[in-house]
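To start, the structure under review is shown below, and the notes come after it.
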Number of protein chains: 4
Amino acid sequence: MLWAKDLPLDQMIHRFTVGEDPVTDLEILEWDALASAAHARGLVWIGALSAEDGRNLIGQLQTLQGQAQRGELTIRPDQEDAHTLLEEALTNRVGEAGKRIHLGRSRNDQVAVAVRLWMRQALILLHEGLNELSQKVLEFGTTHESIAMPGYTHGRRAMPSSVGQWSAAYLEALIEESQAVQSLDRRFDKCPLGGGAGYGVPLALDRHAVAQWLGFRRVHISPIDVQNSRGRLECALGHELASIGLVLERLASDLWLFTTEEFGFFGLPDEFTTGSSIMPQKRNPDVIELLRGRCRELRGYSSMLDHLAAGLPGGYHRDFQLLKRPLFQATRLTVDILRIFSRLFPELKVCRENLYKAMSPELFATQVAFEKVAAGATFRDAYREVAALVKSGQMAMPTEPVPVHLGAVGEPGLGALRVEAEILALWPAQRRLEQSRLEQDLFDLDSVHLKS
Amino acid sequence: MLWAKDLPLDQMIHRFTVGEDPVTDLEILEWDALASAAHARGLVWIGALSAEDGRNLIGQLQTLQGQAQRGELTIRPDQEDAHTLLEEALTNRVGEAGKRIHLGRSRNDQVAVAVRLWMRQALILLHEGLNELSQKVLEFGTTHESIAMPGYTHGRRAMPSSVGQWSAAYLEALIEESQAVQSLDRRFDKCPLGGGAGYGVPLALDRHAVAQWLGFRRVHISPIDVQNSRGRLECALGHELASIGLVLERLASDLWLFTTEEFGFFGLPDEFTTGSSIMPQKRNPDVIELLRGRCRELRGYSSMLDHLAAGLPGGYHRDFQLLKRPLFQATRLTVDILRIFSRLFPELKVCRENLYKAMSPELFATQVAFEKVAAGATFRDAYREVAALVKSGQMAMPTEPVPVHLGAVGEPGLGALRVEAEILALWPAQRRLEQSRLEQDLFDLDSVHLKS
Amino acid sequence: MLWAKDLPLDQMIHRFTVGEDPVTDLEILEWDALASAAHARGLVWIGALSAEDGRNLIGQLQTLQGQAQRGELTIRPDQEDAHTLLEEALTNRVGEAGKRIHLGRSRNDQVAVAVRLWMRQALILLHEGLNELSQKVLEFGTTHESIAMPGYTHGRRAMPSSVGQWSAAYLEALIEESQAVQSLDRRFDKCPLGGGAGYGVPLALDRHAVAQWLGFRRVHISPIDVQNSRGRLECALGHELASIGLVLERLASDLWLFTTEEFGFFGLPDEFTTGSSIMPQKRNPDVIELLRGRCRELRGYSSMLDHLAAGLPGGYHRDFQLLKRPLFQATRLTVDILRIFSRLFPELKVCRENLYKAMSPELFATQVAFEKVAAGATFRDAYREVAALVKSGQMAMPTEPVPVHLGAVGEPGLGALRVEAEILALWPAQRRLEQSRLEQDLFDLDSVHLKS
Amino acid sequence: MLWAKDLPLDQMIHRFTVGEDPVTDLEILEWDALASAAHARGLVWIGALSAEDGRNLIGQLQTLQGQAQRGELTIRPDQEDAHTLLEEALTNRVGEAGKRIHLGRSRNDQVAVAVRLWMRQALILLHEGLNELSQKVLEFGTTHESIAMPGYTHGRRAMPSSVGQWSAAYLEALIEESQAVQSLDRRFDKCPLGGGAGYGVPLALDRHAVAQWLGFRRVHISPIDVQNSRGRLECALGHELASIGLVLERLASDLWLFTTEEFGFFGLPDEFTTGSSIMPQKRNPDVIELLRGRCRELRGYSSMLDHLAAGLPGGYHRDFQLLKRPLFQATRLTVDILRIFSRLFPELKVCRENLYKAMSPELFATQVAFEKVAAGATFRDAYREVAALVKSGQMAMPTEPVPVHLGAVGEPGLGALRVEAEILALWPAQRRLEQSRLEQDLFDLDSVHLKS
């Protein structure tokens with residue numbers, strides 16, 4: 001409902017400034033807890049916090065992280081965001097020490113590091129989604145590899161293709177997106193903590209140590225750029241989601257077209273179709289349409305992030321708060337889309353008979369022309385000759401076996417792509433392992449101490 | 001001018017389909033010549049073209065490449081595009097053999113490879129532009145490193161900063177963009193040639209050999225994905241241009257704000273300002289405004305590419321033709337923007353006196369609070385205490401020297417960033433070297449032969 | 001939380017297809033009830049439903065409309081959308097007749113008419129929001145009309161202006177947007193009901209009568225275009241919201257700039273600022289920043305709608321479902337933004353002293369030049385002369401009273417704009433009156449009868 | 001070509017600031033001449049210019065307007081823009097008086113009024129394009145009105161439709177866009193001249209008189225809003241172009257789909273197709289694809305304008321210069337797209353046989369269900385019954401004549417739409433007439449005099 005018109009000013013402003021944050025911020029709660037633990041450990045390390053206080057804080061932060069992961073925490077509207085919830089919980093649980101943890105940081109670097117960690121985790125989830133779908137597409141392609149299928153250009157029948165070749169296309173695109181996800185992780189691999197409000201803090205922080213504890217290979221050196229990177233990195237992730245969306249929009253569009261009555265190359269399982277409220281005979285490909293529409297929505301989210309990030313001078317601005325929601329929503333949506341596609345492929349029916357019927361002779365015209373070239377004609381002359389034969393209905397089908405190259409119908413390259421996919425697929429598991437090891441170390445209270 | 005309304009149908013259609021291509025395609029002419037030479041060499045390699053024909057073609061292609069680079073070629077409207085110009089020129093110069101070169105390829109993979117090579121070259125130019133600007137920002141920051149300057153959050157004075165710290169922010173962002181450019185090059189490093197119209201060709205092409213000759217480490221295996229990648233890769237480059245634009249829009253916005261009468265931190269050289277047609281007293285920061293606006297235009301181009309790439313099923317579509325112009329324009333524009341900024345920094349004046357005046361005592365409140373923490377208070381209590389002092393006008397300036405950490409005002413990290421920048425800066429030179437070596441090999445007529 | 005990975009297929013698909021609809025659709029529930037009542041009345045009118053069934057249905061629909069307006073209804077996930085809730089409720093309450101109401105319509109025109117009615121209601125709310133803000137800006141401008149203020153071009157001091165002239169600018173822009181809102185209402189004023197799934201229904205519906213009962217002046221004749229207009233009309237509204245956002249983004253940017261320490265022209269009330277977590281001395285203009293960011297978000301929503309509407313052939317597609325959420329969210333957000341601005345203006349402080357100090361002599365250079373012209377010089381010569389005087393610091397202040405014209409500082413036109421605003425302001429009240437009358441007639445059971 | 005790297009600074013800056021303006025500005029040259037004539041007449045009117053000088057200036061401006069319209073003028077790079085060309089030409093031709101014309105105006109309101117006049121002229125051209133296409137669609141629909149055609153929902157065969165019903169859809173959409181164009185003209189109908197640099201001028205201008213001479217019904221009162229409206233109005237036009245693009249993208253998508261081998265409902269004339277470079281047998285629908293892609297490009301332009309207009313505080317900024325090019329390009333492109341569609345419709349072939357074959361019995365299932373309802377069943381029960389019959393292959397075709405309503409297949413409403421279209425079609429002619437009358441009056445030297 002639109003806001004009550006006559007709310008007292010303070011309540012109205014509170015609602016406007018807090019917005020959806022109490023829900024949105026649940027996403028970063030566990031990452032805020034993790035980064036806070038590293039920060040506390042860092043304060044102990046440089047002697048700005050007693051080891052005892054540090055251990056109490058870190059112990060509670062581990063508990064809070066677990067609660068956040070299990071969805072047991074709620075941010076009250078008056079708490080506004082994840083950071084206040086965390087600070088209040090710490091103060092309740094460990095008393096005075098809870099008021100010490102904010103030494104040497106600001107909300108500005110606190111939210112930057114939590115979002116950065118969230119984004120790196122999101123890349124793992126995305127990569128897993130890409131892996132799973134790649135696997136399903138590969139299985140589909142392998143099963144039906146040699147079934148003939150017309151290849152289309154300009155949406156018109158063009159040359160002989162196959163279900164294997166069609167599948168290889170989407171497999172190779174998914175592999176490219178996996179690589180792009182890994183590139184993004186390298187881009188995000190800089191620890192913003194220690195940047196304070198945007199100009200550092202008057203404390204001899206050991207930023208390298210904290211970065212390492214949080215799994216970052218580098219320190220995001222400039223505190224101003226830590227703030228200026230708000231928006232820039234969200235847009236980079238948003239663009240990548242839109243790129244995945246573009247691949248899958250084309251896939252959905254193919255499926256939509258190839259499952260019409262007129263094409264009839266593939267069949268959708270019942271779970272992926274629905275009926276009509278007025279037309280008793282209909283089965284509609286709603287899930288495919290929603291997949292297609294959702295891919296477009298990803299472009300919309302990416303564009304929204306572009307608009308939100310724009311138009312500002314350097315330094316922190318409250319506008320950045322608005323980046324979180326579209327970022328989180330778009331990322332989840334992408335993972336969901338990948339999962340639905342992964343469920344679809346094993347159920348997708350291949351309509352051999354319709355495919356066979358669609359392999360009209362004209363598809364082989366290029367092949368006939370190439371035979372003439374092999375017999376000595378120039379390609380341009382052979383082309384003109386065959387065009388005339390087709391027009392007069394006299395083109396004979398090719399007689400020679402068709403030579404192949406990597407990627408051709410006879411050698412669509414599923415094997416080579418499988419190898420690439422399998423190597424890439426190791427990445428998220430390795431990242432999860434690293435992450436679990438560093439969390440173990442980070443929460444190990446025995447090793448919380450002043451540097452020697 | 002809008003088209004004459006009553007053109008004959010064929011002329012009208014011709015104008016509409018050709019559009020701006022005769023001009024736009026000049027961009028890819030040299031790359032089309034290069035890729036054509038590799039294709040010809042490949043045909044000889046597999047025995048589909050005689051070595052003599054191959055050498056004639058390759059020799060002429062080298063000439064054409066040179067002419068294209070020197071801007072000596074014009075595409076006639078009736079030729080429509082780069083590819084037809086090239087094929088006609090070859091046929092004119094080497095006769096019959098010119099009609100043989102199109103064997104084993106299609107316009108579709110021909111344009112894909114030319115655009116891909118163009119994009120990889122564009123990445124070199126962009127990287128060089130980033131290098132140059134990084135260097136200028138570094139010099140500026142180093143020269144004025146320790147000049148104090150207020151740091152702003154929410155556009156309000158926040159904490160002490162310095163010209164060095166401000167410069168380091170943009171330097172680190174430019175470094176990140178250089179890395180992103182290199183990542184994109186890895187993404188683009190797949191040879192599309194051999195994909196034909198989108199389904200391969202009936203010929204035993206050696207795609208690995210051709211890829212290597214053109215400097216690609218991998219083959220873009222799936223001919224369908226070669227076509228599906230149209231738009232996807234353009235958008236990836238467009239997004240990166242927009243990301244560079246976002247960095248520079250913030251820089252321009254800072255400069256615009258910091259050169260107002262009210263701030264007065266920096267001064268613009270006369271060349272970067274203009275007068276007013278009605279107000280005799282005025283100097284306007286037009287160049288800064290145009291830089292800012294152009295950065296926004298980059299987002300516009302990126303969005304245009306997103307729209308153009310969308311909404312299509314798999315395979316080649318003529319719509320792809322429209323991707324070229326905004327891609328080329330946006331890329332050039334980015335290089336231009338980088339160059340103008342590079343010219344600005346050495347001329348930018350630092351107004352020490354105004355900066356000094358702007359360093360009001362409140363900026364040091366956090367530092368005072370930290371001193372209280374060092375003396376035993378919790379941060380939250382120290383914060384409240386200092387807030388009260390500031391409000392009552394009784395806050396004394398801090399007395400202790402301020403501790404530093406990497407990125408802080410006292411240690412803005414210009415040295416560490418310089419090292420990173422210098423290592424990255426080697427990349428374009430290395431790529432140019434590789435490129436010049438491969439072109440030498442490619443046009444070496446003695447090595448044009450059938451594989452053994 | 002991201003979906004559990006191992007949900008059964010049907011549950012996963014259900015969640016994906018239903019999405020946020022059970023919450024989103026609450027927005028259109030009351031409009032669906034209203035349109036259903038008109039449809040039922042229409043079926044009685046043409047003899048396709050008994051008057052008794054019609055009265056039972058319409059009576060219950062009135063009850064349901066009231067419940068919907070009071071927020072008493074919830075859409076269960078298994079009901080998926082507003083339409084199923086309504087049909088189930090009717091069947092529960094009036095038995096067999098509930099199954100008759102879907103005669104002669106489809107979900108496709110049912111949702112089209114509900115969304116259309118929702119959009120027309122949204123225009124009323126937007127217009128009221130614009131009215132209220134116009135009124136506040138007018139009051140602010142009138143109160144401070146003659147306080148001098150520098151006018152800026154290129155962000156540099158340019159000419160004398162006043163708080164009244166500044167206020168008139170935003171008042172005139174808000175008036176323009178009110179007119180645009182009314183134009184949109186004319187665009188939306190076509191009744192889609194009767195279009196069925198997109199090809200009409202095999203029933204002699206009286207579409208003119210139904211349109212009139214629902215307050216539409218015209219029938220949206222083509223059932224196919226009723227479907228094709230999905231997306232087109234949402235985008236039209238989205239564009240208008242973005243246009244309002246553009247006006248208010250400039251207003252927020254002015255306020256952000258003019259409340260900095262460096263400008264200091266206006267002061268923000270405490271309710272509109274917040275503190276910093278690390279800097280004890282700070283007051284940040286968070287509300288202004290969020291207003292600015294939210295205006296940018298409106299552009300994001302508009303762009304999302306553009307992406308969602310694109311890329312489809314004619315007829316209904318399930319993708320349209322995704323249009324509702326961003327449309328509703330963006331509209332509410334705009335109303336909220338307008339309300340916050342309306343609360344701000346009465347509290348906005350004008351810092352006379354700072355404004356006075358900012359009125360530096362150079363601002364009057366144009367006026368001095370014009371005096372020289374009045375004394376016979378050409379403008380170009382006078383311009384050069386004054387420029388030289390300013391440069392040498394010898395320009396004397398103007399001595400003559402400055403002539404005025406409509407819109408000038410001395411005559412900013414608040415009176416003329418007030419008249420325009422007051423006339424426009426009548427529109428939403430008139431629309432509400434029409435709406436209440438038609439609902440009274442529509443739910444009048446005595447007049448439910450077969451046409452004679 | 002990318003700029004030479006080592007240009008002298010001033011040349012580089014000049015190129016960057018001038019950009020494409022010398023070409024772009026040719027568009028507004030004639031409007032600048034017209035507005036300048038009104039301004040000169042206004043100066044005479046208030047006694048700020050002698051009648052003799054006024055007549056000399058206005059006489060030359062008429063000459064210049066004619067030269068501009070005939071394309072005889074070129075803007076030199078050193079002149080930069082239309083305004084300088086004009087002022088130089090005047091000074092050359094009438095001497096001293098040429099230096100007087102800039103009294104009482106600024107480049108800022110000069111460009112605002114020229115662009116505003118250009119936009120209003122563009123609306124006439126757009127409306128004429130919409131009229132012409134509406135007419136062609138109407139003729140096509142009338143000729144083939146009763147040819148049966150399947151209606152699709154979700155891209156699946158749904159219900160019986162007809163070529164007449166399909167045509168009516170696009171006709172009604174074009175009518176809606178014509179109305180939107182007229183609404184925009186009302187929005188633009190405010191004269192910005194007299195706003196000066198953004199704060200009015202120190203002269204007693206008669207803005208009402210000047211507005212009237214230029215054909216504006218209202219004065220754009222606030223000089224600040226005259227500047228703030230830069231971007232806002234361009235975006236409004238850009239959005240409308242995108243809306244027209246959305247209608248036509250759906251039309252192009254329909255044509256693309258319905259001309260595939262698989263559908264085969266319509267046939268494209270040879271002029272609208274092209275061959276393939278590798279496949280001798282192919283005819284590709286390139287023109288349709290380019291129309292589709294160009295419609296997407298319009299969305300891209302609209303988005304670019306949104307980005308360019310964003311992120312600025314109030315007042316004039318040089319960034320506005322960048323709005324002109326995309327605005328002009330997008331408008332021309334829209335007119336071109338409309339013209340190509342207008343040429344296509346008379347040539348579009350209707351493939352009766354394929355359409356007939358596509359009318360499979362299931363399309364009539366809804367009609368059969370409605371017959372059962374007429375015989376007493378509830379719709380929901382009839383629906384279930386027919387669904388079962390269809391599934392078992394036992395559904396008999398409907399036997400009763402199908403009742404009709406406005407918009408249904410039997411009454412697609414082409415007549416009603418024709419009337420609406422014809423009334424709307426009068427608008428551009430009326431606007432042209434008004435325009436020609438006012439130009440006659442404006443350039444009538446005898447009536448150039450001081451107001452009495």
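Quick note on naming: the chains in the structure tokens go A, B, ... in the order shown, residues restart at 1 in each chain, and ligands are numbered from 1 in order of appearance.
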Problem - Counting only C-alpha atoms, chain B residues within 6 Å of chain A, as a ChimeraX atom specification - result: /B:99-100,103,153-154,169,200,202-205,221-222,224-225,250,253-254,312-317,367,378-380,402-405,407-408
Exercise for the section: Give me every helix (DSSP H, G or I) residue in segment 174-314 of chain D, going by DSSP on the backbone, as JSON, numbers by chain. Expected result: {"D": [174, 175, 176, 177, 178, 179, 180, 181, 182, 183, 184, 185, 186, 187, 188, 207, 208, 209, 210, 211, 212, 213, 223, 224, 225, 226, 227, 228, 229, 230, 231, 232, 233, 234, 235, 236, 237, 238, 239, 240, 241, 242, 243, 244, 245, 246, 247, 248, 249, 250, 251, 252, 253, 254, 255, 256, 257, 258, 270, 271, 272, 286, 287, 288, 289, 290, 291, 292, 293, 294, 295, 296, 297, 298, 299, 300, 301, 302, 303, 304, 305, 306, 307, 308, 309]}
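Summary of the local environment: counting only C-alpha atoms, residues at most 12 Å from Glu347 of chain A, other than itself and those fewer than 3 positions away along its chain, are Lys136, Val137, Glu139, Phe140, Phe266, Gly267, Leu268, Pro269, Asp270, Glu271, Phe272, Ile340, Phe341, Ser342, Arg343, Leu344 and Val350 of chain A; Leu9 of chain C.
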Exercise for the section: Give me the residues within 10 Å of Asp78 of chain A as a ChimeraX atom specification, counting only C-alpha atoms and dropping any in the same chain fewer than 6 places off. Expected result: /A:14-15,18,22,84-85
Next, dump the selected residues to file, keeping only all heavy atoms, as a JSON list (two decimals), in the first residue's frame.
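Contents of result_35.json, freshly written:
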```
[["chain", "number", "residue", "atom", "x", "y", "z"],
["A", 14, "HIS", "N", 11.70, 8.05, 8.35],
["A", 14, "HIS", "CA", 12.32, 6.78, 8.74],
["A", 14, "HIS", "C", 12.00, 5.70, 7.72],
["A", 14, "HIS", "O", 12.87, 4.97, 7.25],
["A", 14, "HIS", "CB", 11.85, 6.37, 10.13],
["A", 14, "HIS", "CG", 12.51, 5.11, 10.61],
["A", 14, "HIS", "ND1", 11.92, 3.88, 10.50],
["A", 14, "HIS", "CD2", 13.73, 4.90, 11.16],
["A", 14, "HIS", "CE1", 12.75, 2.96, 10.98],
["A", 14, "HIS", "NE2", 13.85, 3.56, 11.39],
["A", 15, "ARG", "N", 10.73, 5.61, 7.35],
["A", 15, "ARG", "CA", 10.36, 4.60, 6.36],
["A", 15, "ARG", "C", 11.07, 4.81, 5.04],
["A", 15, "ARG", "O", 11.46, 3.87, 4.36],
["A", 15, "ARG", "CB", 8.85, 4.66, 6.11],
["A", 15, "ARG", "CG", 8.06, 4.03, 7.22],
["A", 15, "ARG", "CD", 6.70, 3.66, 6.67],
["A", 15, "ARG", "NE", 5.76, 3.48, 7.75],
["A", 15, "ARG", "CZ", 4.47, 3.30, 7.57],
["A", 15, "ARG", "NH1", 3.97, 3.27, 6.35],
["A", 15, "ARG", "NH2", 3.68, 3.13, 8.59],
["A", 18, "VAL", "N", 14.93, 3.99, 5.49],
["A", 18, "VAL", "CA", 15.22, 2.58, 5.74],
["A", 18, "VAL", "C", 14.82, 1.73, 4.54],
["A", 18, "VAL", "O", 15.52, 0.82, 4.15],
["A", 18, "VAL", "CB", 14.52, 2.11, 7.02],
["A", 18, "VAL", "CG1", 14.63, 0.62, 7.18],
["A", 18, "VAL", "CG2", 15.12, 2.84, 8.22],
["A", 22, "PRO", "N", 15.77, -3.65, 5.99],
["A", 22, "PRO", "CA", 15.73, -4.72, 6.99],
["A", 22, "PRO", "C", 15.60, -6.11, 6.36],
["A", 22, "PRO", "O", 16.07, -7.09, 6.92],
["A", 22, "PRO", "CB", 14.51, -4.36, 7.84],
["A", 22, "PRO", "CG", 14.40, -2.87, 7.72],
["A", 22, "PRO", "CD", 14.81, -2.59, 6.30],
["A", 84, "THR", "N", 23.77, -2.48, 12.45],
["A", 84, "THR", "CA", 23.25, -2.12, 13.75],
["A", 84, "THR", "C", 22.81, -3.37, 14.50],
["A", 84, "THR", "O", 23.08, -3.52, 15.71],
["A", 84, "THR", "CB", 22.07, -1.14, 13.59],
["A", 84, "THR", "OG1", 22.53, -0.03, 12.82],
["A", 84, "THR", "CG2", 21.59, -0.65, 14.95],
["A", 85, "LEU", "N", 22.12, -4.27, 13.80],
["A", 85, "LEU", "CA", 21.74, -5.53, 14.45],
["A", 85, "LEU", "C", 22.98, -6.18, 15.07],
["A", 85, "LEU", "O", 22.97, -6.59, 16.23],
["A", 85, "LEU", "CB", 21.11, -6.48, 13.44],
["A", 85, "LEU", "CG", 20.76, -7.88, 14.00],
["A", 85, "LEU", "CD1", 19.50, -8.42, 13.36],
["A", 85, "LEU", "CD2", 21.89, -8.90, 13.87]]
```
Problem - Atom pair atom CA of Asp441 of chain D / atom CA of Ala82 of chain D: separation (Å) - result: 23.8 Å
Problem - Residues near segment 444-452 of chain D, cut-off 12 Å, only C-alpha atoms, skip fewer than 6 positions along chain, as JSON, numbers by chain - result: {"D": [37, 38, 39, 40, 41, 42, 43, 44, 45, 46, 47, 48, 49, 50, 51, 52, 53, 54, 55, 56, 57, 58, 59, 60, 61, 62, 205, 206, 209, 213, 437, 438]}
Can those selected residues be exported to a file as a compact mmCIF listing (two decimals), in the first residue's frame so that it contains N, CA and C atoms?
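Final file, part_5.txt:
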```txt
# COMPACT_ATOMS: atom_id res chain seq x y z
N ALA D 37 14.77 35.85 -36.49
CA ALA D 37 13.91 36.86 -37.09
C ALA D 37 12.87 37.33 -36.08
N ALA D 38 12.30 36.37 -35.35
CA ALA D 38 11.30 36.76 -34.35
C ALA D 38 11.94 37.59 -33.24
N HIS D 39 13.17 37.20 -32.88
CA HIS D 39 13.88 37.96 -31.84
C HIS D 39 14.15 39.39 -32.31
N ALA D 40 14.60 39.55 -33.56
CA ALA D 40 14.89 40.87 -34.11
C ALA D 40 13.61 41.72 -34.14
N ARG D 41 12.53 41.10 -34.58
CA ARG D 41 11.23 41.78 -34.63
C ARG D 41 10.82 42.22 -33.21
N GLY D 42 11.13 41.36 -32.24
CA GLY D 42 10.80 41.67 -30.85
C GLY D 42 11.63 42.84 -30.33
N LEU D 43 12.90 42.89 -30.76
CA LEU D 43 13.75 44.01 -30.31
C LEU D 43 13.24 45.33 -30.88
N VAL D 44 12.82 45.29 -32.14
CA VAL D 44 12.23 46.50 -32.73
C VAL D 44 10.97 46.88 -31.97
N TRP D 45 10.14 45.91 -31.72
CA TRP D 45 8.85 46.06 -31.04
C TRP D 45 8.97 46.80 -29.71
N ILE D 46 10.06 46.51 -28.96
CA ILE D 46 10.23 47.16 -27.66
C ILE D 46 11.20 48.34 -27.74
N GLY D 47 11.61 48.70 -28.95
CA GLY D 47 12.45 49.86 -29.10
C GLY D 47 13.92 49.65 -28.80
N ALA D 48 14.35 48.41 -28.78
CA ALA D 48 15.76 48.13 -28.49
C ALA D 48 16.59 48.02 -29.76
N LEU D 49 15.93 48.14 -30.90
CA LEU D 49 16.60 48.04 -32.20
C LEU D 49 15.81 48.95 -33.14
N SER D 50 16.51 49.62 -34.04
CA SER D 50 15.78 50.48 -34.97
C SER D 50 15.03 49.61 -35.98
N ALA D 51 13.93 50.14 -36.48
CA ALA D 51 13.13 49.38 -37.46
C ALA D 51 13.98 49.08 -38.69
N GLU D 52 14.85 49.99 -39.06
CA GLU D 52 15.67 49.77 -40.24
C GLU D 52 16.61 48.59 -40.04
N ASP D 53 17.33 48.63 -38.92
CA ASP D 53 18.20 47.49 -38.61
C ASP D 53 17.39 46.19 -38.59
N GLY D 54 16.22 46.28 -37.96
CA GLY D 54 15.36 45.09 -37.86
C GLY D 54 15.03 44.55 -39.23
N ARG D 55 14.62 45.43 -40.11
CA ARG D 55 14.23 44.95 -41.46
C ARG D 55 15.42 44.35 -42.20
N ASN D 56 16.57 45.00 -42.08
CA ASN D 56 17.75 44.44 -42.74
C ASN D 56 18.06 43.04 -42.22
N LEU D 57 18.03 42.92 -40.91
CA LEU D 57 18.33 41.61 -40.31
C LEU D 57 17.30 40.56 -40.75
N ILE D 58 16.04 40.91 -40.64
CA ILE D 58 14.99 39.94 -40.94
C ILE D 58 15.02 39.55 -42.42
N GLY D 59 15.28 40.51 -43.27
CA GLY D 59 15.39 40.19 -44.69
C GLY D 59 16.50 39.18 -44.95
N GLN D 60 17.65 39.41 -44.33
CA GLN D 60 18.77 38.48 -44.53
C GLN D 60 18.47 37.13 -43.89
N LEU D 61 17.79 37.16 -42.79
CA LEU D 61 17.47 35.88 -42.13
C LEU D 61 16.54 35.03 -42.99
N GLN D 62 15.64 35.69 -43.69
CA GLN D 62 14.79 34.91 -44.61
C GLN D 62 15.64 34.25 -45.70
N LEU D 205 11.61 42.64 -22.55
CA LEU D 205 11.16 41.85 -23.70
C LEU D 205 9.65 41.63 -23.64
N ASP D 206 9.03 41.54 -24.82
CA ASP D 206 7.62 41.14 -24.87
C ASP D 206 7.57 39.68 -25.29
N ALA D 209 4.50 38.28 -27.32
CA ALA D 209 4.45 38.61 -28.75
C ALA D 209 5.38 37.69 -29.54
N TRP D 213 4.50 35.02 -32.59
CA TRP D 213 5.09 35.08 -33.94
C TRP D 213 5.71 33.75 -34.34
N ARG D 437 1.83 30.21 -42.70
CA ARG D 437 1.24 31.54 -42.47
C ARG D 437 2.09 32.37 -41.54
N LEU D 438 2.57 31.73 -40.48
CA LEU D 438 3.32 32.54 -39.52
C LEU D 438 4.66 32.97 -40.10
```
Handout entry: For Gln321 of chain D: contacts at 12 Å, only C-alpha atoms, fewer than 3 positions along chain excluded, given as a VMD selection string
Key = (chain B and resid 286 to 287 289 to 294 297) or (chain D and resid 17 to 22 24 to 25 80 to 81 107 to 108 111 to 112 115 227 230 to 231 234 305 308 to 309 316 to 318 324 to 327)
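Between atom CA of Leu29 of chain C and atom CA of Met119 of chain C the interatomic distance comes to 13.1 Å.
Going from atom CA of Leu426 of chain B over to atom CA of Gln329 of chain B, you cover 26.2 Å.
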